[in-house]
Structure formats: C-alpha cells, structure tokens
Amino acid sequence: MQGKEEMKLMDPVVIIGGGPAGAACGAYLSMAGIPNLIFDKVNHPRPHVGESLVSSTTRVFQDLGFVETMNQAGFVRKYGAAWHSPTGSGTVAIEFREFPNVGVFQDYSYHVDRAKMDHLLLQHAEKLGSKVHQGIGANRVLFDGDRATGVEVDVGGQPVTIPASVVVDATGRNTVLGRQLRWLKKDELFNQFAVHAWFEGVDRGPMKTADDIHIYFLPTQRGWVWQIPIDETITSIGVVAEKQAFKEAKGDHQRWFDAQLGAAPDITRALRNARRVNEITAEGDYSYGMEHLCGDHFLLIGDAARFVDPIFSSGVSVALFSAKIAAERIQAGWEQQDFSEAMFRPYEDRIRKGTTIWYEFIKLYYKVLPLFTYFIQHKKYRQQLFQLLQGEVYDREEAPVLDAMREYVRAVEKNEGHVFHGALDPGISLD
C-alpha cells in the first residue's frame, strides 16, 4: 500500500451521494483531516419529501457544529408526537422533555423541508473541507478483484475515473453498489407504498401539540397517515399502506389518496379547510436490505445500506449515524493504513444491530397496532419505548421492551377472547 503521506495526496475518500448520509460522512472526515470528495448527480436544493427527525439526530448535528445552522434556518421545532385511533376515539401523545436524550442539549428536534436541510448540510461539509461536485453522478464503482479502487463519474457526457482510497456509497435508494454487486434484497414482509403532498390550511390541532408529528391510524391493514409541519403554513400529508391496497385503485393516485384521507375522522377533520399546493407524489418499495454493508476499501451508508419502514422516521437517523460510524472506521483505517473488510466489519455489525432493533420494533408495531399505545402508557416500559422512538438503537445489544412486547403478542395469539385478538396482523410472524 502507498505511504501515508502519498495516499493522503493521491487517494482521497470518494463519497457518492450528497444527501444527509454523504454530507455527514464528508463532514466527519473533514473534521478528522481526511481529504474527501463528494459527488452528487443532482444540483441542490433538489425536491424531496419533508421529514420529521428523531431527537437523537441532534447529537450528530452537535458533533458537526450544525445545530446553530438548523436553528437559524427556521425549521419547525418538534417537541413530541401524537397517535390518533382510526375511529377518532382517542389520541396518545408524548413530549421529548419527559425523558431527554443523554448528551443532547435541547428538548426538541426538527421537522424539515429536506431540500433545504440537505442543501445546508452539504454546504456545511464543504465549509469543513469536503470537495463537493454537484451534477456529477457515479456510473459505477471500479474494482481490482474484490477491492474498490475508485469510481467512474459522468462529466459532460464523458466517463471520468476518480481513484479512491475508500469508496462510500451514499446514493440513497439508487444504491449504486447494492445493485452493481447484486446485494440488494427487497423485504417481502413490508411492501409499503406511499402517496404524499403538501397542503395549506391544515388544522394541526391544539397549540400544545400543533408542532408535533401526528400519525393517524387507518382502518386499512398497516395503513396510516403522517402529518408533518414544514413551515408556518405548509404541512406534509402522506398516506402509507400495503402496495396491494393501492393496486385496487388501479393507478389513480388522486382517488386513492382522497379515499384514504376520508377513512379516519381525525385526519378528515384536520383537512376540512386544507388546500393542496403541489403535485401528488407516489413512492413504493420502501423496505429493503443488503447482503453486506462493506468490503475491501468500500462501505454502504444511509438508504444505500438499509431502509426499513417510514413509520418512526428512522431514515435520516440511519443516514446520520451510519455516516458517523463509517467515518470512525475510515479514520481508524487511515491511521493504520488498512481499509480491509475486516477493518470495516465493526461498522457493519453496529449498523445491523441498530437497524434490526428498528425493524423488530416496527414489526411488533404493525403486528398489533393497539399494542404500541398500551406499552407507551405502561409505567414500566414507557422510558424504554421513548428510547426507541428517539433513535437510541446503535450502541445497545438488546431492547428488553421488545421481548416484553413479543411475549404479550404471543399471549394475544393464544387467546381468541383477548380484546386485541381481532387486531392481529396474520401476515406478520414473530418467529
């Protein structure tokens, strides 16, 4: 391998994808003095569905010195969350301040216009030292045997080779490496579909919870609606359900969207004076994973590595924390001049553990929807559920509350007379 000084000069880390995962990884590397290039096929700001951030993401923003930028940007502050029953019979709400995140110095996270936030984070990485190239996408990752050696990017319609000491795939759901290496595996359990748009005039509810994320359960299997305030007047509304349920609408996004929004009284009430202000967008194939997350001289991070289900807003959390953990391993490899798969394996292990906890939590949530509201109000388990909702999943071996939820579900399955028995989703197995 090249000497350390030569390697720093000639072979930077190359990050493909400039969303939250790529920008955060570049920012961490720049802070560590490691040269890095970020290539993104689009020019920012670019359209992206608005998102509600879990509170642990603030820890990454603190690391990167980005909190002040987030606050100055005027993003809506998120102090809690609320879940509405499909019949309008009740609401369960939480506030983050009840159980603050360790090491997070504010009691709120954010609802964001992702186009704006992603652009700011990419600019921040550039200020810290990342060399950012927008409008230049990666065609493929180059290999010498099993070792990644660089990327081929498209510049003015011409392929250009960029050598790299490490290639980081942060291309989101395009997942360049996952497709190139044929590692991508769709999740057969969660075949979700979403239709969403922005509205003005949404009744966000009482002032105390107006800036919370609101989740409305639908009387459709695994169906729900998100309500996310983007700014003072614009609210993102999205319907998520099994893809099979959407197929029944025969591709008529508008008709299906309107029908679902009229199926639960609380969301119907919230939208009674609302007006849609942009085009309806449909997205599918939400959940997938990879056979591997790293190899010799390369890693996959963010959505390029794993995407579960959007119910708990885990996407940006996975993006930021995978960027942080990947950057830690790259720094260790840089210091030891070792970018082998073995060097990066601890990254894969931590991310798999964290995303598995997310996945198991979501599976139990969908298995018996009322179970979540039962446990979140349970004195013994409330704090543990808070930790999961906050995104505290990457530095733990287990989540005892999930074991308790599994035991409860199995008891419900055995008891046909149980009040929750009729709510069981037969398509989800806990084995």
# chains A, B, ... in the order shown; residues from 1 in each chain; ligands from 1

call {"tool": "select_by_dssp", "arguments": {"residues": "stretch 252-287 of chain A", "states": "strand (DSSP E)", "output": "PyMOL selection string"}}
result
chain A and resi 275-276+281-284

call {"tool": "residues_around", "arguments": {"residues": "A:Arg46", "least_positions_apart": "5", "cutoff": "9 Å", "atoms": "only C-alpha atoms", "output": "ChimeraX atom specification"}}
result
/A:114-116,118-119

call {"tool": "residues_around", "arguments": {"residues": "A:Val277", "least_positions_apart": "2", "cutoff": "8 Å", "atoms": "only C-alpha atoms", "output": "list in words"}}
result
Ala197, Trp198, Phe199, Glu200, Arg275 and Glu279 of chain A

call {"tool": "atom_distance", "arguments": {"atom1": "atom CA of A:Phe190", "atom2": "atom CA of A:Trp358"}}
result
13.2 Å

call {"tool": "closest_residue", "arguments": {"among": "A:Arg329, A:His48, A:Arg173, A:Arg204", "to": "A:Ala32", "atoms": "only C-alpha atoms"}}
result
A:Arg329

call {"tool": "select_by_dssp", "arguments": {"residues": "stretch 226-378 of chain A", "states": "helix (DSSP H, G or I)", "output": "PyMOL selection string"}}
result
chain A and resi 243-247+253-261+265-270+302-304+310-312+315-336+341-367+369-376

call {"tool": "closest_residue", "arguments": {"among": "A:Met405, A:Val195, A:Leu184, A:Ile237", "to": "A:Asp252", "atoms": "only C-alpha atoms"}}
result
A:Val195

call {"tool": "residues_around", "arguments": {"residues": "A:Leu218", "least_positions_apart": "2", "cutoff": "7 Å", "atoms": "only C-alpha atoms", "output": "list in words"}}
result
Pro86, Tyr216, Thr220, Gly223, Trp224, Ala263 and Ala264 of chain A

call {"tool": "residues_around", "arguments": {"residues": "A:Leu293", "least_positions_apart": "4", "cutoff": "10 Å", "atoms": "only C-alpha atoms", "output": "VMD selection string"}}
result
chain A and resid 169 177 to 178 183 289 298 to 301 304 to 306 341 344 to 345 347 to 349 351 to 352

call {"tool": "residues_around", "arguments": {"residues": "A:His253", "least_positions_apart": "2", "cutoff": "10 Å", "atoms": "only C-alpha atoms", "output": "compact mmCIF listing (two decimals) with C-alpha atoms, in the first residue's frame"}}
result
# COMPACT_ATOMS: atom_id res chain seq x y z
CA ALA A 194 -46.82 5.98 -0.02
CA VAL A 195 -48.67 8.86 -1.66
CA HIS A 196 -47.96 12.35 -0.33
CA PHE A 246 -53.02 0.72 -3.58
CA LYS A 247 -53.27 -1.61 -6.58
CA ALA A 249 -57.14 1.93 -7.11
CA LYS A 250 -55.64 0.88 -10.48
CA GLY A 251 -53.01 3.60 -10.50
CA ARG A 255 -58.66 8.99 -5.99
CA TRP A 256 -56.87 6.56 -3.69
CA PHE A 257 -55.22 9.36 -1.71
CA ASP A 258 -58.53 11.17 -1.17
CA ALA A 259 -60.33 7.96 -0.23
CA ILE A 280 -49.11 14.34 -5.51
CA THR A 281 -46.06 12.05 -5.38
CA ALA A 282 -46.14 8.26 -5.14

call {"tool": "closest_residue", "arguments": {"among": "A:Arg140, A:Lys185, A:Arg350, A:Lys243", "to": "A:Thr161", "atoms": "only C-alpha atoms"}}
result
A:Arg140

call {"tool": "residues_around", "arguments": {"residues": "A:His378", "least_positions_apart": "6", "cutoff": "12 Å", "atoms": "only C-alpha atoms", "output": "list of chain:residue names"}}
result
A:Leu371, A:Phe372, A:Gln384, A:Leu385, A:Phe386, A:Val401, A:Ala404, A:Met405

call {"tool": "write_last_selection", "arguments": {"atoms": "C-alpha atoms", "output": "tab-separated table (two decimals), in the first residue's frame"}}
result
chain	number	residue	atom	x	y	z
A	371	LEU	CA	-50.13	-2.77	21.45
A	372	PHE	CA	-47.99	0.33	20.94
A	384	GLN	CA	-37.70	2.14	27.06
A	385	LEU	CA	-40.15	2.91	24.26
A	386	PHE	CA	-39.09	6.56	24.40
A	401	VAL	CA	-39.20	-3.83	25.90
A	404	ALA	CA	-41.97	-7.94	26.61
A	405	MET	CA	-43.99	-6.92	23.54

call {"tool": "atom_distance", "arguments": {"atom1": "atom CA of A:Tyr110", "atom2": "atom CA of A:Ala73"}}
result
10.7 Å

call {"tool": "closest_residue", "arguments": {"among": "A:Asp211, A:Ile311, A:Met343, A:Ala319", "to": "A:Tyr365", "atoms": "only C-alpha atoms"}}
result
A:Ile311
